[in-house]
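See below for data_1.cif, which holds mmCIF, C-alpha atoms and all ligand atoms.
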```
data_work
loop_
_atom_site.label_atom_id
_atom_site.label_comp_id
_atom_site.auth_asym_id
_atom_site.auth_seq_id
_atom_site.Cartn_x
_atom_site.Cartn_y
_atom_site.Cartn_z
CA MET B 23 25.34 21.11 41.41
CA ILE B 24 26.72 17.67 40.46
CA ASN B 25 23.29 16.16 41.22
CA PHE B 26 21.66 18.66 38.92
CA ILE B 27 24.10 17.81 36.06
CA ILE B 28 23.48 14.06 36.49
CA PHE B 29 19.71 14.64 36.55
CA PHE B 30 19.97 16.86 33.46
CA LEU B 31 22.05 14.24 31.56
CA ILE B 32 19.57 11.46 32.45
CA ILE B 33 16.67 13.54 31.11
CA VAL B 34 18.54 14.49 27.90
CA ASN B 35 19.59 10.85 27.29
CA SER B 36 16.07 9.53 27.94
CA LEU B 37 14.62 12.03 25.50
CA LEU B 38 17.27 11.14 22.92
CA ILE B 39 16.55 7.39 23.28
CA PHE B 40 12.80 8.10 23.00
CA PHE B 41 13.14 10.19 19.82
CA LEU B 42 15.54 7.74 18.16
CA ASN B 43 13.23 4.80 18.89
CA LYS B 44 9.88 6.59 18.75
CA LYS B 45 8.41 4.21 16.16
CA LYS B 46 9.43 1.06 18.10
CA ILE B 47 8.26 2.46 21.47
CA LYS B 48 4.87 3.54 20.08
CA GLY B 49 4.56 0.09 18.44
CA LEU B 50 5.00 -1.57 21.88
CA PHE B 51 1.89 0.22 23.19
CA TYR B 52 -0.16 -0.55 20.10
CA LYS B 53 -3.15 -2.86 20.75
CA ASN B 54 -3.51 -5.06 17.67
CA LYS B 55 -7.06 -5.54 16.42
CA ILE B 56 -5.90 -7.08 13.17
CA GLN B 57 -4.65 -10.65 13.14
CA THR B 58 -1.24 -11.18 11.53
CA VAL B 59 -1.18 -14.24 9.29
CA ASP B 60 1.30 -16.11 7.17
CA LEU B 61 1.42 -15.24 3.49
CA ASN B 62 0.12 -18.74 2.66
CA GLU B 63 -3.30 -17.68 4.03
CA LEU B 64 -3.65 -15.05 1.31
CA SER B 65 -3.52 -17.46 -1.62
CA ASP B 66 -2.54 -21.07 -2.32
CA ILE B 67 -0.04 -19.81 -4.90
CA PHE B 68 2.27 -18.87 -2.02
CA ILE B 69 2.32 -22.39 -0.53
CA ASN B 70 5.64 -23.88 -1.57
CA LYS B 71 5.81 -27.11 -3.54
CA GLN B 72 7.79 -30.09 -2.28
CA ILE B 73 10.91 -30.53 -4.42
CA ASP B 74 12.58 -33.13 -2.22
CA LYS B 75 12.02 -34.44 1.33
CA ASN B 76 14.19 -31.61 2.69
CA LEU B 77 13.51 -28.94 0.08
CA LEU B 78 10.51 -26.75 -0.65
CA GLY B 79 10.40 -24.36 -3.58
CA PRO B 80 8.25 -21.71 -5.26
CA LYS B 81 5.33 -22.60 -7.50
CA GLU B 82 5.31 -21.37 -11.11
CA GLU B 83 2.71 -18.67 -10.25
CA VAL B 84 5.08 -16.82 -7.93
CA ILE B 85 8.04 -16.68 -10.33
CA VAL B 86 7.81 -13.10 -11.50
CA LYS B 87 9.38 -10.44 -13.67
CA SER B 88 10.92 -7.79 -11.47
CA PHE B 89 13.37 -4.92 -11.13
CA SER B 90 14.94 -3.04 -8.26
CA ILE B 91 15.29 0.68 -7.82
CA ASN B 92 18.80 1.86 -7.00
CA LYS B 93 18.90 3.88 -3.74
CA ASN B 94 20.59 6.75 -5.66
CA ASN B 95 17.45 7.08 -7.76
CA ASN B 96 15.49 9.07 -5.21
CA ILE B 97 12.05 7.71 -6.00
CA VAL B 98 9.49 8.45 -3.29
CA GLY B 99 6.75 6.28 -1.78
CA MET B 100 7.67 2.69 -2.60
CA THR B 101 6.89 -0.87 -1.50
CA SER B 102 9.67 -3.18 -0.26
CA ASP B 103 10.96 -5.86 -2.65
CA TYR B 104 9.09 -8.58 -0.68
CA GLU B 105 5.81 -6.63 -0.91
CA ALA B 106 6.45 -5.96 -4.60
CA TRP B 107 6.91 -9.71 -5.15
CA ILE B 108 3.56 -10.45 -3.42
CA ILE B 109 1.79 -7.86 -5.63
CA SER B 110 3.53 -9.21 -8.76
CA SER B 111 2.52 -12.79 -7.93
CA LEU B 112 -1.14 -11.85 -7.39
CA SER B 113 -1.03 -9.91 -10.66
CA LYS B 114 -0.17 -13.15 -12.48
CA ILE B 115 -3.61 -14.47 -11.59
CA SER B 116 -5.55 -11.19 -12.05
CA ASN B 117 -7.15 -9.80 -15.19
CA LYS B 118 -8.64 -6.58 -13.92
CA ILE B 119 -6.48 -4.60 -11.54
CA PHE B 120 -7.06 -1.21 -9.92
CA GLU B 121 -4.53 0.86 -8.02
CA PHE B 122 -5.09 3.94 -5.84
CA GLY B 123 -1.81 5.89 -5.97
CA THR B 124 0.55 5.55 -8.95
CA CYS B 125 3.46 7.73 -7.81
CA SER B 126 6.51 6.67 -9.89
CA GLY B 127 4.50 3.76 -11.32
CA LYS B 128 6.71 1.08 -9.72
CA THR B 129 3.84 -1.14 -8.59
CA THR B 130 1.79 -0.36 -11.72
CA TYR B 131 4.71 -1.46 -13.91
CA LEU B 132 5.09 -4.70 -11.93
CA MET B 133 1.37 -5.39 -12.31
CA ALA B 134 1.63 -4.85 -16.08
CA LEU B 135 4.80 -6.94 -16.40
CA ASN B 136 3.29 -9.91 -14.59
CA SER B 137 -0.44 -9.94 -15.40
CA PRO B 138 -1.80 -11.95 -18.36
CA ASP B 139 -1.36 -10.31 -21.82
CA ASP B 140 -5.03 -9.29 -22.02
CA ALA B 141 -5.15 -7.88 -18.47
CA GLN B 142 -6.07 -4.24 -17.85
CA ILE B 143 -4.63 -2.09 -15.08
CA THR B 144 -6.27 1.17 -14.03
CA THR B 145 -4.38 3.48 -11.71
CA ILE B 146 -5.47 6.78 -10.21
CA THR B 147 -3.12 9.51 -9.09
CA LEU B 148 -2.62 13.24 -8.57
CA LYS B 149 -0.29 15.51 -10.47
CA PRO B 150 0.98 18.78 -8.97
CA GLU B 151 -1.73 20.91 -10.60
CA ASN B 152 -4.47 18.69 -9.04
CA LEU B 153 -3.20 19.35 -5.53
CA SER B 154 -5.43 22.36 -4.95
CA ASP B 155 -8.42 19.90 -5.15
CA VAL B 156 -7.24 18.13 -1.99
CA GLU B 157 -8.05 19.80 1.32
CA LYS B 158 -6.93 18.66 4.72
CA GLN B 159 -9.89 17.45 6.79
CA PHE B 160 -10.05 17.78 10.59
CA SER B 161 -9.46 14.04 11.09
CA ASP B 162 -6.47 13.93 8.71
CA ASN B 163 -2.95 13.35 9.95
CA LYS B 164 -0.59 16.27 9.15
CA THR B 165 2.39 14.12 8.07
CA SER B 166 0.20 12.06 5.72
CA PHE B 167 -1.19 15.24 4.20
CA ARG B 168 2.34 16.61 3.64
CA ASN B 169 3.36 13.29 2.00
CA ILE B 170 0.54 13.64 -0.53
CA ILE B 171 2.14 16.87 -1.69
CA ASN B 172 5.66 15.38 -1.74
CA GLU B 173 4.54 12.29 -3.66
CA SER B 174 2.34 13.94 -6.29
CA ILE B 175 5.25 14.93 -8.52
CA TYR B 176 5.12 12.53 -11.46
CA GLU B 177 3.43 12.97 -14.83
CA LYS B 178 5.50 10.27 -16.59
CA PHE B 179 6.05 6.86 -15.02
CA LEU B 180 8.59 4.03 -14.95
CA PHE B 181 6.45 2.21 -17.56
CA SER B 182 6.09 5.26 -19.86
CA GLY B 183 7.31 4.47 -23.36
CA THR B 184 7.48 0.70 -22.76
CA LYS B 185 5.42 -1.96 -24.54
CA TYR B 186 3.46 -2.49 -21.31
CA GLU B 187 2.01 1.01 -21.36
CA ASN B 188 -0.98 -0.08 -23.46
CA LYS B 189 -2.20 -2.33 -20.61
CA ILE B 190 -2.33 0.66 -18.28
CA ASP B 191 -4.94 3.39 -17.99
CA VAL B 192 -3.79 6.32 -15.81
CA ILE B 193 -6.53 8.51 -14.35
CA PHE B 194 -5.24 11.89 -13.15
CA GLN B 195 -7.95 12.73 -10.62
CA ASN B 196 -8.57 13.20 -6.94
CA SER B 197 -9.96 9.84 -5.79
CA LEU B 198 -12.39 11.74 -3.53
CA THR B 199 -14.27 12.92 -6.63
CA PHE B 200 -13.75 9.70 -8.61
CA ASP B 201 -17.07 8.07 -9.52
CA GLU B 202 -16.55 4.32 -9.21
CA LYS B 203 -20.08 3.28 -10.32
CA LYS B 204 -19.07 2.03 -13.76
CA TYR B 205 -16.40 -0.13 -12.10
CA ASN B 206 -18.68 -1.81 -9.55
CA SER B 207 -17.81 -5.53 -8.99
CA LYS B 208 -15.19 -5.43 -11.78
CA PHE B 209 -11.79 -5.96 -10.17
CA ASP B 210 -9.85 -9.10 -9.22
CA LEU B 211 -7.16 -7.14 -7.42
CA ILE B 212 -7.22 -3.65 -5.88
CA PHE B 213 -4.15 -2.04 -4.34
CA ILE B 214 -4.82 0.88 -1.98
CA ASP B 215 -1.72 3.06 -1.77
CA GLY B 216 -3.02 6.58 -2.46
CA GLY B 217 -3.30 9.38 0.09
CA HIS B 218 -2.70 8.11 3.64
CA THR B 219 -4.98 10.63 5.38
CA TYR B 220 -8.07 9.27 7.15
CA SER B 221 -10.54 10.84 4.70
CA ILE B 222 -8.73 9.45 1.64
CA VAL B 223 -8.06 5.95 3.02
CA LYS B 224 -11.74 5.73 4.01
CA ASN B 225 -12.90 6.98 0.59
CA ASP B 226 -10.55 4.66 -1.36
CA SER B 227 -11.45 1.66 0.79
CA GLU B 228 -15.23 2.18 0.60
CA LYS B 229 -15.01 2.55 -3.19
CA SER B 230 -12.79 -0.55 -3.37
CA PHE B 231 -15.31 -2.69 -1.46
CA ARG B 232 -17.86 -1.78 -4.15
CA MET B 233 -15.41 -2.25 -7.05
CA LEU B 234 -14.23 -5.70 -5.93
CA ARG B 235 -15.68 -8.76 -7.65
CA GLN B 236 -16.52 -12.07 -5.96
CA ASN B 237 -13.27 -13.80 -4.87
CA GLY B 238 -11.30 -10.60 -5.50
CA ILE B 239 -8.59 -9.28 -3.17
CA ILE B 240 -7.98 -5.79 -1.74
CA LEU B 241 -4.47 -4.99 -0.49
CA TRP B 242 -3.63 -1.95 1.66
CA HIS B 243 -0.09 -0.66 1.87
CA ASP B 244 1.56 0.95 4.91
CA PHE B 245 -0.13 -0.75 7.85
CA VAL B 246 2.69 0.19 10.23
CA PRO B 247 1.58 0.78 13.85
CA GLY B 248 3.72 3.52 15.40
CA LYS B 249 4.75 5.13 12.10
CA GLU B 250 3.48 8.72 12.05
CA SER B 251 2.72 8.88 8.31
CA ALA B 252 0.80 5.57 8.49
CA LYS B 253 -1.26 6.49 11.56
CA ASN B 254 -4.51 7.06 9.65
CA VAL B 255 -4.13 3.84 7.62
CA VAL B 256 -3.79 1.85 10.86
CA LYS B 257 -6.69 3.75 12.46
CA TYR B 258 -9.07 3.21 9.54
CA ILE B 259 -8.25 -0.50 9.18
CA ASN B 260 -8.70 -1.04 12.91
CA ASN B 261 -11.99 0.85 12.85
CA ILE B 262 -13.53 -1.31 10.15
CA SER B 263 -12.06 -4.58 11.39
CA SER B 264 -15.25 -5.33 13.36
CA ARG B 265 -17.24 -5.23 10.09
CA LYS B 266 -14.74 -6.57 7.54
CA LYS B 267 -12.37 -9.52 7.89
CA ILE B 268 -9.04 -7.89 7.26
CA PHE B 269 -5.69 -9.57 7.94
CA HIS B 270 -2.15 -8.29 8.19
CA ILE B 271 0.50 -10.27 6.27
CA LYS B 272 3.48 -11.27 8.40
CA ASN B 273 6.77 -9.40 7.72
CA THR B 274 5.07 -6.81 5.52
CA SER B 275 3.13 -3.57 5.84
CA LEU B 276 0.33 -5.11 3.75
CA CYS B 277 -3.20 -5.96 4.89
CA TYR B 278 -5.72 -7.85 2.81
CA TYR B 279 -9.44 -8.47 2.45
CA LYS B 280 -10.88 -11.33 0.39
CA ASN B 281 -14.35 -11.11 -1.01
CA ASN B 282 -15.18 -14.71 -0.16
CA LEU B 283 -14.72 -14.62 3.57
CA GLU B 284 -18.07 -13.31 4.77
C1 LIG W 1 2.69 6.16 -1.78
S1 LIG W 1 2.50 6.81 -3.40
C2 LIG W 1 2.08 5.40 -4.34
C3 LIG W 1 3.25 4.45 -4.53
C4 LIG W 1 3.07 3.41 -5.62
N1 LIG W 1 1.87 2.62 -5.41
C5 LIG W 1 4.28 2.49 -5.66
O1 LIG W 1 4.37 1.59 -4.79
O2 LIG W 1 5.14 2.67 -6.52
C6 LIG W 1 0.99 7.70 -3.22
C7 LIG W 1 0.36 8.21 -4.50
O3 LIG W 1 -1.02 8.50 -4.21
C8 LIG W 1 -1.42 9.65 -4.91
N2 LIG W 1 -2.57 10.25 -4.20
C9 LIG W 1 -2.59 10.79 -2.97
N3 LIG W 1 -3.82 11.27 -2.68
C10 LIG W 1 -4.59 11.01 -3.76
C11 LIG W 1 -5.95 11.28 -4.09
N4 LIG W 1 -6.77 11.89 -3.23
N5 LIG W 1 -6.40 10.89 -5.29
C12 LIG W 1 -5.58 10.27 -6.18
N6 LIG W 1 -4.30 9.98 -5.91
C13 LIG W 1 -3.80 10.35 -4.74
C14 LIG W 1 -0.19 10.54 -4.92
O4 LIG W 1 -0.27 11.45 -6.00
C15 LIG W 1 0.92 9.50 -5.10
O5 LIG W 1 1.14 9.28 -6.48
#
```
Mind converting the file's structure to structure tokens?
Amino acid sequence: MINFIIFFLIIVNSLLIFFLNKKKIKGLFYKNKIQTVDLNELSDIFINKQIDKNLLGPKEEVIVKSFSINKNNNIVGMTSDYEAWIISSLSKISNKIFEFGTCSGKTTYLMALNSPDDAQITTITLKPENLSDVEKQFSDNKTSFRNIINESIYEKFLFSGTKYENKIDVIFQNSLTFDEKKYNSKFDLIFIDGGHTYSIVKNDSEKSFRMLRQNGIILWHDFVPGKESAKNVVKYINNISSRKKIFHIKNTSLCYYKNNLE
């Protein structure tokens, strides 16, 4: 009997440890096809300037306008502050910006705050009444599909009513039916952070490759091996990595593609 209780406790504890550390354990078995690089590889603006022989500091281009969201303000689907700073810095040197996935408008607002005065930001998103247009495909991850529903709740954004609103064009449409032809080769910076199902990430990425201009940059959010809701983002990026030079930025969940590498 005592042996049975010990055996039972070992099994229960092992299962508990597995479920509490599921993300980390899955990450250990993940075979990385994407090279992780230092942020400096993305753009020279991130290479620090020498202030003194023992002190390096940020260049002017990466000093940005920013804000933080209090944890009590239960906004869903956001980038970390470090990722937000990277996006803000790239916005300072971008005139035409496109975003898949507006949500609360946190990243859109940062793009508008930091881009040049004459810059234009276009962002596409779903509102609750558009949700019936989105159907789960066979290859789509269930958690990612559920997140689309949970995150498509905003019709006003953090930038609504501010002086930056006139730089922003919000398109309320399913990106799967969005016709990108008039935007071909137009954008300096594209941020892909819309639906995280395979069919949507593939659609948004393929459209982005066509919408990107020479020397432009595409950023993907949520490249997190082992995270259930990011599974399809990781799968898609790995699948196209043999055709497109995509890199993961160290200490972030961001990946990038530059239109001057191939
Ligand atoms: C993760 S949130 C975006 C977060 C935002 N970029 C930020 O960092 O503040 C995902 C957004 O993508 C939108 N979305 C999901 N599927 C979409 C689709 N098929 N077409 C357009 N927007 C979509 C959702 O409505 C939601 O607003």
Could you check how far atom C1 of ligand LIG 1 (chain W) sits from CA of Trp107 (chain B), in Å to one decimal?
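Computing the Euclidean distance for atom C1 of ligand LIG 1 (chain W) and CA of Trp107 (chain B) yields 16.8 Å.
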Point-to-point distance in Å for CA of His218 (chain B) and CA of Ala252 (chain B):
6.5 Å
Taking only C-alpha atoms and all ligand atoms into account, report as number ranges by chain which residues have an atom no farther than 6 Å from an atom of ligand LIG 1 (chain W).
B: 99-101, 123-129, 146-148, 170, 173-174, 195-198, 215-217, 222
Go through B:Val192, B:Glu82, B:Ser227, B:Ser36 one by one, measure the shortest atom-to-atom distance of each to Ile69 (chain B) using all atoms listed in the file, and give the residue with the smallest value.
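For Ile69 (chain B), the nearest of the candidates is B:Glu82.
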Give me, please, the distance in Å between CA of Lys203 (chain B) and CA of Thr144 (chain B), quoted to one decimal.
14.5 Å
File output for region 234-256 of chain B (N, CA and C atoms) as a PDB file, in the first residue's frame:
```
ATOM      1  N   LEU B 234       5.908  45.625 -48.890  1.00  0.00           N
ATOM      2  CA  LEU B 234       7.160  46.202 -48.369  1.00  0.00           C
ATOM      3  C   LEU B 234       7.963  46.840 -49.488  1.00  0.00           C
ATOM      4  N   ARG B 235       8.508  48.043 -49.217  1.00  0.00           N
ATOM      5  CA  ARG B 235       9.341  48.673 -50.251  1.00  0.00           C
ATOM      6  C   ARG B 235      10.798  48.237 -50.058  1.00  0.00           C
ATOM      7  N   GLN B 236      11.625  48.565 -51.043  1.00  0.00           N
ATOM      8  CA  GLN B 236      13.057  48.257 -50.964  1.00  0.00           C
ATOM      9  C   GLN B 236      13.623  48.854 -49.666  1.00  0.00           C
ATOM     10  N   ASN B 237      14.423  48.099 -48.961  1.00  0.00           N
ATOM     11  CA  ASN B 237      15.022  48.502 -47.675  1.00  0.00           C
ATOM     12  C   ASN B 237      14.022  48.599 -46.519  1.00  0.00           C
ATOM     13  N   GLY B 238      12.785  48.170 -46.755  1.00  0.00           N
ATOM     14  CA  GLY B 238      11.796  48.195 -45.675  1.00  0.00           C
ATOM     15  C   GLY B 238      11.993  47.017 -44.710  1.00  0.00           C
ATOM     16  N   ILE B 239      11.293  47.086 -43.587  1.00  0.00           N
ATOM     17  CA  ILE B 239      11.427  46.054 -42.539  1.00  0.00           C
ATOM     18  C   ILE B 239      10.052  45.495 -42.167  1.00  0.00           C
ATOM     19  N   ILE B 240       9.955  44.173 -42.074  1.00  0.00           N
ATOM     20  CA  ILE B 240       8.749  43.539 -41.517  1.00  0.00           C
ATOM     21  C   ILE B 240       9.117  43.021 -40.125  1.00  0.00           C
ATOM     22  N   LEU B 241       8.250  43.280 -39.163  1.00  0.00           N
ATOM     23  CA  LEU B 241       8.436  42.713 -37.813  1.00  0.00           C
ATOM     24  C   LEU B 241       7.250  41.803 -37.505  1.00  0.00           C
ATOM     25  N   TRP B 242       7.519  40.638 -36.953  1.00  0.00           N
ATOM     26  CA  TRP B 242       6.449  39.749 -36.457  1.00  0.00           C
ATOM     27  C   TRP B 242       6.498  39.758 -34.942  1.00  0.00           C
ATOM     28  N   HIS B 243       5.322  39.783 -34.334  1.00  0.00           N
ATOM     29  CA  HIS B 243       5.275  39.698 -32.875  1.00  0.00           C
ATOM     30  C   HIS B 243       4.913  38.270 -32.462  1.00  0.00           C
ATOM     31  N   ASP B 244       5.327  37.882 -31.272  1.00  0.00           N
ATOM     32  CA  ASP B 244       4.937  36.609 -30.650  1.00  0.00           C
ATOM     33  C   ASP B 244       5.609  35.376 -31.227  1.00  0.00           C
ATOM     34  N   PHE B 245       6.882  35.492 -31.544  1.00  0.00           N
ATOM     35  CA  PHE B 245       7.664  34.300 -31.903  1.00  0.00           C
ATOM     36  C   PHE B 245       8.163  33.713 -30.575  1.00  0.00           C
ATOM     37  N   VAL B 246       7.324  32.847 -29.985  1.00  0.00           N
ATOM     38  CA  VAL B 246       7.668  32.272 -28.672  1.00  0.00           C
ATOM     39  C   VAL B 246       7.527  30.750 -28.732  1.00  0.00           C
ATOM     40  N   PRO B 247       8.622  30.018 -29.079  1.00  0.00           N
ATOM     41  CA  PRO B 247       8.532  28.564 -29.122  1.00  0.00           C
ATOM     42  C   PRO B 247       8.042  28.010 -27.783  1.00  0.00           C
ATOM     43  N   GLY B 248       7.080  27.110 -27.840  1.00  0.00           N
ATOM     44  CA  GLY B 248       6.565  26.497 -26.608  1.00  0.00           C
ATOM     45  C   GLY B 248       5.294  27.154 -26.104  1.00  0.00           C
ATOM     46  N   LYS B 249       5.013  28.379 -26.538  1.00  0.00           N
ATOM     47  CA  LYS B 249       3.791  29.056 -26.073  1.00  0.00           C
ATOM     48  C   LYS B 249       2.629  28.637 -26.977  1.00  0.00           C
ATOM     49  N   GLU B 250       1.587  28.084 -26.361  1.00  0.00           N
ATOM     50  CA  GLU B 250       0.489  27.503 -27.138  1.00  0.00           C
ATOM     51  C   GLU B 250      -0.128  28.509 -28.120  1.00  0.00           C
ATOM     52  N   SER B 251      -0.411  29.726 -27.643  1.00  0.00           N
ATOM     53  CA  SER B 251      -1.095  30.704 -28.511  1.00  0.00           C
ATOM     54  C   SER B 251      -0.196  31.234 -29.626  1.00  0.00           C
ATOM     55  N   ALA B 252       1.134  30.958 -29.527  1.00  0.00           N
ATOM     56  CA  ALA B 252       2.064  31.467 -30.541  1.00  0.00           C
ATOM     57  C   ALA B 252       2.528  30.356 -31.493  1.00  0.00           C
ATOM     58  N   LYS B 253       1.996  29.153 -31.273  1.00  0.00           N
ATOM     59  CA  LYS B 253       2.431  27.963 -32.002  1.00  0.00           C
ATOM     60  C   LYS B 253       2.438  28.150 -33.534  1.00  0.00           C
ATOM     61  N   ASN B 254       1.359  28.748 -34.049  1.00  0.00           N
ATOM     62  CA  ASN B 254       1.229  28.906 -35.494  1.00  0.00           C
ATOM     63  C   ASN B 254       2.146  30.006 -36.046  1.00  0.00           C
ATOM     64  N   VAL B 255       2.470  30.988 -35.205  1.00  0.00           N
ATOM     65  CA  VAL B 255       3.404  32.047 -35.635  1.00  0.00           C
ATOM     66  C   VAL B 255       4.782  31.408 -35.822  1.00  0.00           C
ATOM     67  N   VAL B 256       5.177  30.603 -34.820  1.00  0.00           N
ATOM     68  CA  VAL B 256       6.483  29.925 -34.863  1.00  0.00           C
ATOM     69  C   VAL B 256       6.528  28.968 -36.064  1.00  0.00           C
TER      70      VAL B 256
END
```
